[in-house]
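Trainee: Have a peek at data-v2.cif (mmCIF, N, CA and C atoms).
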data_protein
#
loop_
_atom_site.label_atom_id
_atom_site.label_comp_id
_atom_site.auth_asym_id
_atom_site.auth_seq_id
_atom_site.Cartn_x
_atom_site.Cartn_y
_atom_site.Cartn_z
N CYS A 432 135.67 -45.53 120.67
CA CYS A 432 135.62 -45.77 122.11
C CYS A 432 134.68 -46.95 122.37
N LYS A 433 135.17 -47.94 123.12
CA LYS A 433 134.36 -49.11 123.47
C LYS A 433 133.75 -48.88 124.86
N ASP A 434 132.45 -48.90 124.93
CA ASP A 434 131.73 -48.67 126.19
C ASP A 434 131.92 -49.88 127.11
N ASN A 435 132.49 -49.63 128.30
CA ASN A 435 132.71 -50.70 129.27
C ASN A 435 131.49 -50.93 130.17
N LYS A 436 130.41 -50.18 129.95
CA LYS A 436 129.14 -50.29 130.68
C LYS A 436 129.29 -50.01 132.18
N ASP A 437 130.35 -49.26 132.52
CA ASP A 437 130.55 -48.89 133.93
C ASP A 437 130.87 -47.40 134.06
N GLY A 438 130.55 -46.64 133.02
CA GLY A 438 130.85 -45.22 133.02
C GLY A 438 132.19 -44.89 132.41
N SER A 439 132.92 -45.93 131.94
CA SER A 439 134.22 -45.71 131.31
C SER A 439 134.19 -46.32 129.91
N CYS A 440 135.20 -46.01 129.13
CA CYS A 440 135.33 -46.64 127.82
C CYS A 440 136.80 -46.94 127.56
N SER A 441 137.04 -47.88 126.66
CA SER A 441 138.40 -48.29 126.32
C SER A 441 138.73 -47.84 124.90
N VAL A 442 139.97 -47.41 124.73
CA VAL A 442 140.44 -46.96 123.42
C VAL A 442 141.79 -47.62 123.16
N GLU A 443 142.02 -48.04 121.94
CA GLU A 443 143.32 -48.59 121.54
C GLU A 443 143.87 -47.78 120.38
N TYR A 444 145.18 -47.66 120.35
CA TYR A 444 145.84 -47.02 119.23
C TYR A 444 147.20 -47.66 119.06
N ILE A 445 147.73 -47.61 117.83
CA ILE A 445 149.03 -48.21 117.54
C ILE A 445 149.94 -47.13 116.96
N PRO A 446 150.91 -46.66 117.77
CA PRO A 446 151.87 -45.69 117.23
C PRO A 446 152.89 -46.41 116.34
N PHE A 447 153.32 -45.76 115.28
CA PHE A 447 154.24 -46.40 114.34
C PHE A 447 155.68 -45.95 114.51
N THR A 448 155.88 -44.84 115.24
CA THR A 448 157.23 -44.37 115.47
C THR A 448 157.40 -43.99 116.93
N PRO A 449 158.60 -44.18 117.49
CA PRO A 449 158.83 -43.80 118.88
C PRO A 449 158.77 -42.29 119.05
N GLY A 450 158.48 -41.86 120.26
CA GLY A 450 158.43 -40.44 120.58
C GLY A 450 157.40 -40.17 121.65
N ASP A 451 157.22 -38.89 122.00
CA ASP A 451 156.22 -38.49 122.97
C ASP A 451 154.95 -38.07 122.24
N TYR A 452 153.84 -38.66 122.65
CA TYR A 452 152.55 -38.37 122.03
C TYR A 452 151.64 -37.70 123.04
N ASP A 453 150.81 -36.76 122.56
CA ASP A 453 149.77 -36.15 123.39
C ASP A 453 148.45 -36.81 123.03
N VAL A 454 147.78 -37.37 124.04
CA VAL A 454 146.47 -38.00 123.84
C VAL A 454 145.42 -37.05 124.42
N ASN A 455 144.58 -36.55 123.54
CA ASN A 455 143.51 -35.63 123.95
C ASN A 455 142.23 -36.42 124.19
N ILE A 456 141.65 -36.27 125.36
CA ILE A 456 140.40 -36.96 125.70
C ILE A 456 139.36 -35.89 126.03
N THR A 457 138.22 -35.98 125.34
CA THR A 457 137.16 -35.01 125.57
C THR A 457 135.88 -35.74 125.97
N PHE A 458 135.01 -35.01 126.65
CA PHE A 458 133.67 -35.49 127.00
C PHE A 458 132.72 -34.34 126.78
N GLY A 459 131.72 -34.58 125.94
CA GLY A 459 130.79 -33.51 125.62
C GLY A 459 131.45 -32.36 124.90
N GLY A 460 132.50 -32.65 124.15
CA GLY A 460 133.19 -31.62 123.39
C GLY A 460 134.22 -30.82 124.18
N HIS A 461 134.40 -31.13 125.46
CA HIS A 461 135.35 -30.40 126.30
C HIS A 461 136.41 -31.36 126.84
N PRO A 462 137.67 -30.89 126.97
CA PRO A 462 138.73 -31.76 127.51
C PRO A 462 138.42 -32.18 128.95
N ILE A 463 138.70 -33.46 129.26
CA ILE A 463 138.54 -33.90 130.65
C ILE A 463 139.73 -33.39 131.45
N PRO A 464 139.62 -33.34 132.79
CA PRO A 464 140.76 -32.86 133.60
C PRO A 464 142.03 -33.66 133.33
N GLY A 465 143.12 -32.96 133.13
CA GLY A 465 144.42 -33.59 132.88
C GLY A 465 144.73 -33.78 131.41
N SER A 466 143.73 -33.66 130.54
CA SER A 466 143.93 -33.84 129.10
C SER A 466 144.54 -32.56 128.51
N PRO A 467 145.50 -32.67 127.60
CA PRO A 467 146.03 -33.89 126.99
C PRO A 467 147.02 -34.62 127.91
N PHE A 468 147.08 -35.94 127.71
CA PHE A 468 147.99 -36.79 128.48
C PHE A 468 149.21 -37.10 127.63
N ARG A 469 150.41 -36.92 128.21
CA ARG A 469 151.66 -37.22 127.50
C ARG A 469 151.94 -38.72 127.63
N VAL A 470 152.13 -39.40 126.48
CA VAL A 470 152.40 -40.84 126.46
C VAL A 470 153.73 -41.06 125.74
N PRO A 471 154.77 -41.52 126.49
CA PRO A 471 156.04 -41.82 125.81
C PRO A 471 155.97 -43.20 125.13
N VAL A 472 156.37 -43.25 123.88
CA VAL A 472 156.40 -44.51 123.13
C VAL A 472 157.85 -44.81 122.80
N LYS A 473 158.30 -45.97 123.26
CA LYS A 473 159.69 -46.37 123.03
C LYS A 473 159.78 -47.28 121.81
N GLU A 474 160.98 -47.35 121.25
CA GLU A 474 161.23 -48.23 120.12
C GLU A 474 161.09 -49.68 120.58
N LEU A 475 160.56 -50.53 119.72
CA LEU A 475 160.41 -51.95 120.02
C LEU A 475 161.80 -52.58 120.19
N VAL A 476 161.97 -53.39 121.21
CA VAL A 476 163.24 -54.07 121.45
C VAL A 476 163.04 -55.56 121.22
N ASP A 477 163.92 -56.16 120.40
CA ASP A 477 163.82 -57.58 120.09
C ASP A 477 165.21 -58.22 120.19
N PRO A 478 165.55 -58.78 121.39
CA PRO A 478 166.87 -59.40 121.57
C PRO A 478 167.16 -60.54 120.59
N SER A 479 166.14 -61.14 120.00
CA SER A 479 166.38 -62.25 119.06
C SER A 479 167.04 -61.75 117.77
N LYS A 480 167.09 -60.43 117.57
CA LYS A 480 167.72 -59.87 116.36
C LYS A 480 169.17 -59.48 116.58
N VAL A 481 169.70 -59.73 117.78
CA VAL A 481 171.11 -59.43 118.07
C VAL A 481 171.97 -60.55 117.49
N LYS A 482 173.08 -60.15 116.83
CA LYS A 482 173.99 -61.14 116.24
C LYS A 482 175.37 -60.96 116.83
N CYS A 483 175.99 -62.07 117.23
CA CYS A 483 177.34 -62.07 117.80
C CYS A 483 178.26 -62.84 116.86
N SER A 484 179.44 -62.27 116.59
CA SER A 484 180.39 -62.94 115.71
C SER A 484 181.80 -62.44 115.98
N GLY A 485 182.75 -63.23 115.55
CA GLY A 485 184.15 -62.82 115.66
C GLY A 485 185.03 -63.89 116.26
N PRO A 486 186.34 -63.69 116.15
CA PRO A 486 187.30 -64.70 116.58
C PRO A 486 187.24 -65.02 118.08
N GLY A 487 186.84 -64.07 118.91
CA GLY A 487 186.78 -64.30 120.35
C GLY A 487 185.70 -65.28 120.78
N LEU A 488 184.86 -65.69 119.82
CA LEU A 488 183.82 -66.69 120.11
C LEU A 488 184.11 -68.00 119.38
N GLY A 489 185.28 -68.09 118.74
CA GLY A 489 185.59 -69.24 117.90
C GLY A 489 186.44 -70.30 118.56
N THR A 490 187.11 -71.10 117.73
CA THR A 490 187.89 -72.24 118.20
C THR A 490 189.36 -71.92 118.39
N GLY A 491 189.83 -70.77 117.90
CA GLY A 491 191.26 -70.45 117.99
C GLY A 491 191.62 -69.58 119.18
N VAL A 492 190.78 -69.57 120.22
CA VAL A 492 191.03 -68.72 121.38
C VAL A 492 192.14 -69.34 122.24
N ARG A 493 193.13 -68.51 122.58
CA ARG A 493 194.27 -68.98 123.40
C ARG A 493 194.38 -68.14 124.66
N ALA A 494 194.83 -68.79 125.73
CA ALA A 494 195.03 -68.11 127.01
C ALA A 494 196.06 -66.99 126.86
N HIS A 495 195.83 -65.89 127.60
CA HIS A 495 196.73 -64.73 127.65
C HIS A 495 196.86 -63.99 126.33
N VAL A 496 196.00 -64.30 125.35
CA VAL A 496 196.01 -63.61 124.06
C VAL A 496 194.72 -62.78 123.96
N PRO A 497 194.85 -61.45 123.75
CA PRO A 497 193.65 -60.61 123.67
C PRO A 497 192.68 -61.10 122.59
N GLN A 498 191.40 -61.10 122.93
CA GLN A 498 190.35 -61.58 122.04
C GLN A 498 189.33 -60.48 121.80
N THR A 499 188.66 -60.54 120.65
CA THR A 499 187.58 -59.60 120.37
C THR A 499 186.44 -60.33 119.67
N PHE A 500 185.25 -59.80 119.83
CA PHE A 500 184.11 -60.21 119.02
C PHE A 500 183.14 -59.04 118.94
N THR A 501 182.22 -59.11 117.99
CA THR A 501 181.28 -58.03 117.74
C THR A 501 179.87 -58.45 118.14
N VAL A 502 179.15 -57.52 118.77
CA VAL A 502 177.75 -57.72 119.09
C VAL A 502 176.98 -56.68 118.28
N ASP A 503 176.21 -57.17 117.30
CA ASP A 503 175.45 -56.29 116.41
C ASP A 503 174.01 -56.19 116.90
N CYS A 504 173.67 -55.03 117.47
CA CYS A 504 172.32 -54.77 118.01
C CYS A 504 171.54 -53.83 117.10
N SER A 505 172.06 -53.55 115.91
CA SER A 505 171.50 -52.49 115.05
C SER A 505 170.07 -52.74 114.62
N LYS A 506 169.63 -54.01 114.63
CA LYS A 506 168.25 -54.30 114.20
C LYS A 506 167.37 -54.71 115.38
N ALA A 507 167.88 -54.52 116.61
CA ALA A 507 167.18 -55.02 117.80
C ALA A 507 166.51 -53.94 118.63
N GLY A 508 166.64 -52.67 118.26
CA GLY A 508 166.10 -51.59 119.07
C GLY A 508 167.11 -51.16 120.12
N LEU A 509 166.75 -50.18 120.94
CA LEU A 509 167.66 -49.64 121.95
C LEU A 509 167.40 -50.29 123.30
N ALA A 510 168.45 -50.85 123.90
CA ALA A 510 168.34 -51.49 125.21
C ALA A 510 169.74 -51.65 125.79
N PRO A 511 169.82 -51.92 127.09
CA PRO A 511 171.15 -52.15 127.69
C PRO A 511 171.75 -53.49 127.22
N LEU A 512 173.07 -53.46 126.99
CA LEU A 512 173.83 -54.66 126.61
C LEU A 512 174.68 -55.07 127.79
N GLU A 513 174.67 -56.38 128.09
CA GLU A 513 175.48 -56.91 129.19
C GLU A 513 176.28 -58.10 128.67
N VAL A 514 177.60 -58.05 128.87
CA VAL A 514 178.47 -59.14 128.44
C VAL A 514 179.24 -59.64 129.65
N LEU A 515 179.21 -60.95 129.87
CA LEU A 515 179.88 -61.56 131.01
C LEU A 515 180.73 -62.72 130.49
N VAL A 516 182.02 -62.70 130.82
CA VAL A 516 182.93 -63.78 130.44
C VAL A 516 183.33 -64.51 131.72
N LEU A 517 182.98 -65.80 131.79
CA LEU A 517 183.28 -66.61 132.98
C LEU A 517 184.36 -67.63 132.65
N GLY A 518 185.40 -67.67 133.48
CA GLY A 518 186.48 -68.64 133.31
C GLY A 518 186.10 -70.01 133.83
N PRO A 519 187.03 -70.97 133.78
CA PRO A 519 186.75 -72.35 134.17
C PRO A 519 186.26 -72.50 135.62
N THR A 520 186.65 -71.61 136.51
CA THR A 520 186.21 -71.71 137.90
C THR A 520 184.92 -70.92 138.17
N GLY A 521 184.36 -70.31 137.11
CA GLY A 521 183.14 -69.54 137.27
C GLY A 521 183.37 -68.09 137.67
N VAL A 522 184.65 -67.68 137.73
CA VAL A 522 184.98 -66.30 138.10
C VAL A 522 184.88 -65.42 136.85
N SER A 523 184.29 -64.25 137.01
CA SER A 523 184.12 -63.31 135.91
C SER A 523 185.46 -62.73 135.48
N GLU A 524 185.71 -62.75 134.18
CA GLU A 524 186.94 -62.20 133.61
C GLU A 524 186.69 -60.73 133.22
N PRO A 525 187.71 -59.87 133.29
CA PRO A 525 187.51 -58.48 132.86
C PRO A 525 187.16 -58.39 131.38
N THR A 526 186.19 -57.57 131.06
CA THR A 526 185.81 -57.32 129.67
C THR A 526 185.70 -55.82 129.45
N LYS A 527 185.89 -55.43 128.20
CA LYS A 527 185.70 -54.03 127.81
C LYS A 527 184.76 -54.05 126.62
N VAL A 528 183.64 -53.34 126.75
CA VAL A 528 182.66 -53.26 125.67
C VAL A 528 182.68 -51.84 125.11
N ILE A 529 182.97 -51.71 123.82
CA ILE A 529 183.04 -50.41 123.17
C ILE A 529 181.85 -50.24 122.24
N ASP A 530 181.10 -49.16 122.45
CA ASP A 530 179.97 -48.82 121.58
C ASP A 530 180.54 -48.15 120.34
N ASN A 531 180.35 -48.77 119.18
CA ASN A 531 180.90 -48.24 117.93
C ASN A 531 180.05 -47.11 117.35
N GLY A 532 178.90 -46.82 117.97
CA GLY A 532 178.06 -45.72 117.53
C GLY A 532 177.15 -46.03 116.36
N ASP A 533 177.15 -47.28 115.90
CA ASP A 533 176.31 -47.66 114.76
C ASP A 533 175.40 -48.83 115.11
N GLY A 534 175.17 -49.04 116.41
CA GLY A 534 174.36 -50.18 116.84
C GLY A 534 175.19 -51.42 117.07
N LYS A 535 176.48 -51.34 116.78
CA LYS A 535 177.39 -52.47 116.99
C LYS A 535 178.32 -52.15 118.15
N HIS A 536 178.75 -53.21 118.84
CA HIS A 536 179.68 -53.08 119.97
C HIS A 536 180.82 -54.06 119.76
N THR A 537 182.04 -53.62 120.12
CA THR A 537 183.20 -54.50 120.09
C THR A 537 183.54 -54.89 121.52
N VAL A 538 183.66 -56.19 121.75
CA VAL A 538 183.96 -56.71 123.08
C VAL A 538 185.41 -57.20 123.09
N HIS A 539 186.16 -56.77 124.11
CA HIS A 539 187.56 -57.17 124.29
C HIS A 539 187.68 -57.94 125.60
N TYR A 540 188.40 -59.05 125.56
CA TYR A 540 188.72 -59.78 126.79
C TYR A 540 190.00 -60.58 126.55
N THR A 541 190.68 -60.91 127.63
CA THR A 541 191.90 -61.73 127.55
C THR A 541 191.76 -62.88 128.55
N PRO A 542 191.59 -64.11 128.05
CA PRO A 542 191.46 -65.25 128.97
C PRO A 542 192.72 -65.38 129.82
N THR A 543 192.55 -65.55 131.13
CA THR A 543 193.69 -65.64 132.04
C THR A 543 194.26 -67.05 132.16
N THR A 544 193.53 -68.03 131.63
CA THR A 544 193.98 -69.42 131.71
C THR A 544 193.33 -70.21 130.57
N ASP A 545 193.77 -71.44 130.38
CA ASP A 545 193.10 -72.28 129.40
C ASP A 545 191.97 -73.05 130.09
N GLY A 546 191.11 -73.66 129.29
CA GLY A 546 189.98 -74.42 129.82
C GLY A 546 188.66 -73.92 129.28
N PRO A 547 187.56 -74.46 129.82
CA PRO A 547 186.24 -74.07 129.32
C PRO A 547 185.79 -72.70 129.83
N PHE A 548 185.42 -71.83 128.92
CA PHE A 548 184.92 -70.49 129.24
C PHE A 548 183.46 -70.39 128.77
N THR A 549 182.72 -69.53 129.44
CA THR A 549 181.35 -69.24 129.04
C THR A 549 181.23 -67.74 128.82
N VAL A 550 180.69 -67.37 127.65
CA VAL A 550 180.45 -65.96 127.34
C VAL A 550 178.94 -65.76 127.25
N SER A 551 178.42 -64.95 128.16
CA SER A 551 176.99 -64.65 128.19
C SER A 551 176.77 -63.25 127.63
N VAL A 552 175.86 -63.15 126.66
CA VAL A 552 175.52 -61.85 126.07
C VAL A 552 174.02 -61.65 126.26
N LYS A 553 173.67 -60.59 127.00
CA LYS A 553 172.26 -60.29 127.25
C LYS A 553 171.93 -58.91 126.70
N TYR A 554 170.74 -58.81 126.11
CA TYR A 554 170.23 -57.54 125.59
C TYR A 554 168.83 -57.36 126.17
N ALA A 555 168.61 -56.25 126.84
CA ALA A 555 167.33 -56.00 127.54
C ALA A 555 167.08 -57.13 128.55
N ASP A 556 168.15 -57.56 129.24
CA ASP A 556 168.09 -58.60 130.26
C ASP A 556 167.71 -59.98 129.73
N GLN A 557 167.82 -60.20 128.42
CA GLN A 557 167.51 -61.51 127.84
C GLN A 557 168.72 -62.03 127.07
N GLU A 558 168.96 -63.34 127.18
CA GLU A 558 170.06 -63.95 126.42
C GLU A 558 169.77 -63.77 124.92
N VAL A 559 170.80 -63.44 124.16
CA VAL A 559 170.65 -63.30 122.71
C VAL A 559 170.82 -64.68 122.07
N PRO A 560 170.48 -64.83 120.79
CA PRO A 560 170.63 -66.14 120.14
C PRO A 560 172.04 -66.72 120.29
N ARG A 561 172.10 -68.00 120.61
CA ARG A 561 173.32 -68.81 120.80
C ARG A 561 174.04 -68.53 122.11
N SER A 562 173.60 -67.54 122.87
CA SER A 562 174.20 -67.25 124.18
C SER A 562 173.52 -68.12 125.24
N PRO A 563 174.27 -68.62 126.21
CA PRO A 563 175.70 -68.41 126.44
C PRO A 563 176.56 -69.25 125.49
N PHE A 564 177.68 -68.63 125.07
CA PHE A 564 178.62 -69.29 124.17
C PHE A 564 179.61 -70.10 125.00
N LYS A 565 179.89 -71.32 124.57
CA LYS A 565 180.88 -72.19 125.24
C LYS A 565 182.17 -72.12 124.42
N ILE A 566 183.23 -71.68 125.06
CA ILE A 566 184.53 -71.50 124.38
C ILE A 566 185.56 -72.40 125.05
N LYS A 567 186.29 -73.16 124.25
CA LYS A 567 187.40 -73.97 124.80
C LYS A 567 188.69 -73.20 124.56
N VAL A 568 189.19 -72.56 125.61
CA VAL A 568 190.41 -71.78 125.50
C VAL A 568 191.61 -72.72 125.56
N GLN A 569 192.46 -72.61 124.55
CA GLN A 569 193.65 -73.46 124.44
C GLN A 569 194.81 -72.82 125.19
N PRO A 570 195.84 -73.63 125.56
CA PRO A 570 197.04 -73.03 126.18
C PRO A 570 197.66 -72.00 125.24
N THR A 571 198.46 -71.10 125.83
CA THR A 571 199.08 -70.03 125.04
C THR A 571 199.92 -70.57 123.90
N HIS A 572 200.73 -71.59 124.18
CA HIS A 572 201.59 -72.18 123.15
C HIS A 572 201.15 -73.58 122.85
N ASP A 573 201.23 -73.96 121.59
CA ASP A 573 200.87 -75.31 121.17
C ASP A 573 202.05 -76.23 121.44
N ALA A 574 201.91 -77.09 122.45
CA ALA A 574 203.00 -77.97 122.86
C ALA A 574 203.33 -79.04 121.81
N SER A 575 202.45 -79.24 120.83
CA SER A 575 202.69 -80.27 119.83
C SER A 575 203.64 -79.80 118.73
N LYS A 576 204.07 -78.53 118.79
CA LYS A 576 204.95 -78.02 117.72
C LYS A 576 206.33 -77.75 118.21
#
Could you render the structure from this file as structure tokens?

Mentor:
Amino acid sequence: CKDNKDGSCSVEYIPFTPGDYDVNITFGGHPIPGSPFRVPVKELVDPSKVKCSGPGLGTGVRAHVPQTFTVDCSKAGLAPLEVLVLGPTGVSEPTKVIDNGDGKHTVHYTPTTDGPFTVSVKYADQEVPRSPFKIKVQPTHDASK
């Protein structure tokens, strides 16, 4: 206990695993009012450890063709995942995000037109590495063939 010279003291501790901890505080060998105090400790969240990959983020994306990509959050801790697909006019495209139950998510979307698309992936309200992704959606059929 570090004496703050004002009748209080400061204590630091570092929990190594998430969970609910009871902190017992005593004065003169007796618990102070309210002790023990319940302290919830959450798992560390690090959005920089999220990895995105798959054909839906690549160069072969075509309009009106269903696309998928994977968002791997397995090493990033537990937090909300947000995926936003914006078409050329800035309008949000429908997406479906499936939790695979192993820290990975599969994202499904179908571009409604060709042109420049932006895919934003946020974890714990922060952009993940390489996000937002810039995708050039090609026409459904290759007119050069």

Trainee: Can you pull out the residues contacting Gly518 (chain A)? Cut-off 7 Å, using only N, CA and C atoms, and skip same-chain residues under 6 positions away; I want them as an NGL selection string.

Mentor: :A and (524 or 546-549)

Trainee: My list of candidates is A:Pro511, A:Val568, A:Tyr444, A:Ile529. Which is closest to Ala555 (chain A) when distances are computed with only N, CA and C atoms?

Mentor: A:Pro511

Trainee: Identify all residues satisfying the PyMOL selection byres ((chain A and resi 540) around 8) in the given file; provide them as an MDAnalysis selection string.

Mentor: chainID A and resid 487 495:500 516 524:528 537:539 541:543

Trainee: Give me, please, the distance in Å between atom C of Asp451 (chain A) and atom C of Asp503 (chain A), quoted to one decimal.

Mentor: 26.8 Å

Trainee: For Phe468 (chain A), list every protein, DNA or RNA residue within 5 Å, evaluated using all atoms listed in the file, and leave out those in the same chain fewer than 3 positions away; present the list as a list in words.

Mentor: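 Neighbouring residues, sequence-local ones excluded: Asp453, Val454, Asn455 and Gly465 of chain A.
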
Trainee: DSSP on the backbone: what in region 444-541 of chain A comes out strand (DSSP E), as JSON, numbers by chain?

Mentor: {"A": [450, 451, 452, 453, 454, 457, 458, 461, 462, 468, 469, 470, 471, 472, 482, 483, 484, 498, 499, 500, 501, 502, 503, 512, 513, 514, 515, 516, 517, 523, 524, 526, 527, 528, 529, 530, 535, 536, 537, 538, 539, 540]}

Trainee: Using only N, CA and C atoms, find the one residue out of A:Asp545, A:Glu474, A:Glu558, A:Glu513 that sits nearest to Thr571 (chain A).

Mentor: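 Once distances to Thr571 (chain A) are computed over only N, CA and C atoms, the minimum belongs to A:Asp545.
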
Trainee: To one decimal in Å, tell me the separation between atom N of Gly491 (chain A) and CA of Ser562 (chain A).

Mentor: 17.2 Å

Trainee: In terms of the shortest atom-to-atom distance over only N, CA and C atoms, which of A:Pro478, A:Pro471, A:Pro449, A:Pro462 is closest to Pro560 (chain A)?

Mentor: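 Checking each of A:Pro478, A:Pro471, A:Pro449, A:Pro462 against Pro560 (chain A), counting only N, CA and C atoms, the winner is A:Pro478.
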
Trainee: Would you pick out the contacts of Ala510 (chain A) at 10 Å or less, using only C-alpha atoms, so that residues sharing its chain but fewer than 5 positions from it are not included, and give the list as a list in words?

Mentor: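 Surrounding residues, per the criterion: Glu474, Leu475, Val476, Asp477, Pro478, Cys504, Lys553, Tyr554, Ala555 and Asp556 of chain A.
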
Trainee: Write the residues of the preceding selection, restricted to N, CA and C atoms, as a JSON list (two decimals), in the frame of the given file.

Mentor:
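The result, written out as selection-v1.json:
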[["chain", "number", "residue", "atom", "x", "y", "z"],
["A", 474, "GLU", "N", 160.98, -47.35, 121.25],
["A", 474, "GLU", "CA", 161.23, -48.23, 120.12],
["A", 474, "GLU", "C", 161.09, -49.68, 120.58],
["A", 475, "LEU", "N", 160.56, -50.53, 119.72],
["A", 475, "LEU", "CA", 160.41, -51.95, 120.02],
["A", 475, "LEU", "C", 161.80, -52.58, 120.19],
["A", 476, "VAL", "N", 161.97, -53.39, 121.21],
["A", 476, "VAL", "CA", 163.24, -54.07, 121.45],
["A", 476, "VAL", "C", 163.04, -55.56, 121.22],
["A", 477, "ASP", "N", 163.92, -56.16, 120.40],
["A", 477, "ASP", "CA", 163.82, -57.58, 120.09],
["A", 477, "ASP", "C", 165.21, -58.22, 120.19],
["A", 478, "PRO", "N", 165.55, -58.78, 121.39],
["A", 478, "PRO", "CA", 166.87, -59.40, 121.57],
["A", 478, "PRO", "C", 167.16, -60.54, 120.59],
["A", 504, "CYS", "N", 173.67, -55.03, 117.47],
["A", 504, "CYS", "CA", 172.32, -54.77, 118.01],
["A", 504, "CYS", "C", 171.54, -53.83, 117.10],
["A", 553, "LYS", "N", 173.67, -60.59, 127.00],
["A", 553, "LYS", "CA", 172.26, -60.29, 127.25],
["A", 553, "LYS", "C", 171.93, -58.91, 126.70],
["A", 554, "TYR", "N", 170.74, -58.81, 126.11],
["A", 554, "TYR", "CA", 170.23, -57.54, 125.59],
["A", 554, "TYR", "C", 168.83, -57.36, 126.17],
["A", 555, "ALA", "N", 168.61, -56.25, 126.84],
["A", 555, "ALA", "CA", 167.33, -56.00, 127.54],
["A", 555, "ALA", "C", 167.08, -57.13, 128.55],
["A", 556, "ASP", "N", 168.15, -57.56, 129.24],
["A", 556, "ASP", "CA", 168.09, -58.60, 130.26],
["A", 556, "ASP", "C", 167.71, -59.98, 129.73]]

Trainee: How big is the axis-aligned box around the listed atoms of region 535-552 of chain A once 6 Å is added on each side, and where is its centre? Give both in Å to one decimal, as AutoDock Vina command-line options.

Mentor:
--center_x 184.1 --center_y -62.9 --center_z 124.5 --size_x 32.2 --size_y 35.1 --size_z 27.4

Trainee: As an exercise, work out the distance from CA of Lys480 (chain A) to atom C of Val559 (chain A) in Å and give it to one decimal place.

Mentor: 8.1 Å

Trainee: Might you pull out every residue within 7 Å of Pro563 (chain A), with only C-alpha atoms counted and same-chain residues fewer than 4 positions away left off, and present them as a list in words?

Mentor: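 Once the adjacent positions are removed, what remains is Thr549, Val550, Ser551 and Val552 of chain A.
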
Trainee: Can you take the partial region 504-508 of chain A, add all heavy atoms, and return it as a CSV table (one decimal), keeping the file's coordinate frame?

Mentor:
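selection13.csv written:
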chain,number,residue,atom,x,y,z
A,504,CYS,N,173.7,-55.0,117.5
A,504,CYS,CA,172.3,-54.8,118.0
A,504,CYS,C,171.5,-53.8,117.1
A,504,CYS,O,170.5,-53.3,117.5
A,504,CYS,CB,172.4,-54.1,119.4
A,504,CYS,SG,173.5,-55.0,120.5
A,505,SER,N,172.1,-53.6,115.9
A,505,SER,CA,171.5,-52.5,115.0
A,505,SER,C,170.1,-52.7,114.6
A,505,SER,O,169.4,-51.8,114.3
A,505,SER,CB,172.4,-52.3,113.8
A,505,SER,OG,172.5,-53.5,113.0
A,506,LYS,N,169.6,-54.0,114.6
A,506,LYS,CA,168.2,-54.3,114.2
A,506,LYS,C,167.4,-54.7,115.4
A,506,LYS,O,166.3,-55.2,115.2
A,506,LYS,CB,168.3,-55.4,113.2
A,506,LYS,CG,169.0,-55.0,111.9
A,506,LYS,CD,168.9,-56.0,110.8
A,506,LYS,CE,169.5,-55.4,109.5
A,506,LYS,NZ,170.4,-56.2,108.9
A,507,ALA,N,167.9,-54.5,116.6
A,507,ALA,CA,167.2,-55.0,117.8
A,507,ALA,C,166.5,-53.9,118.6
A,507,ALA,O,165.9,-54.2,119.6
A,507,ALA,CB,168.2,-55.8,118.7
A,508,GLY,N,166.6,-52.7,118.3
A,508,GLY,CA,166.1,-51.6,119.1
A,508,GLY,C,167.1,-51.2,120.1
A,508,GLY,O,168.2,-51.7,120.2
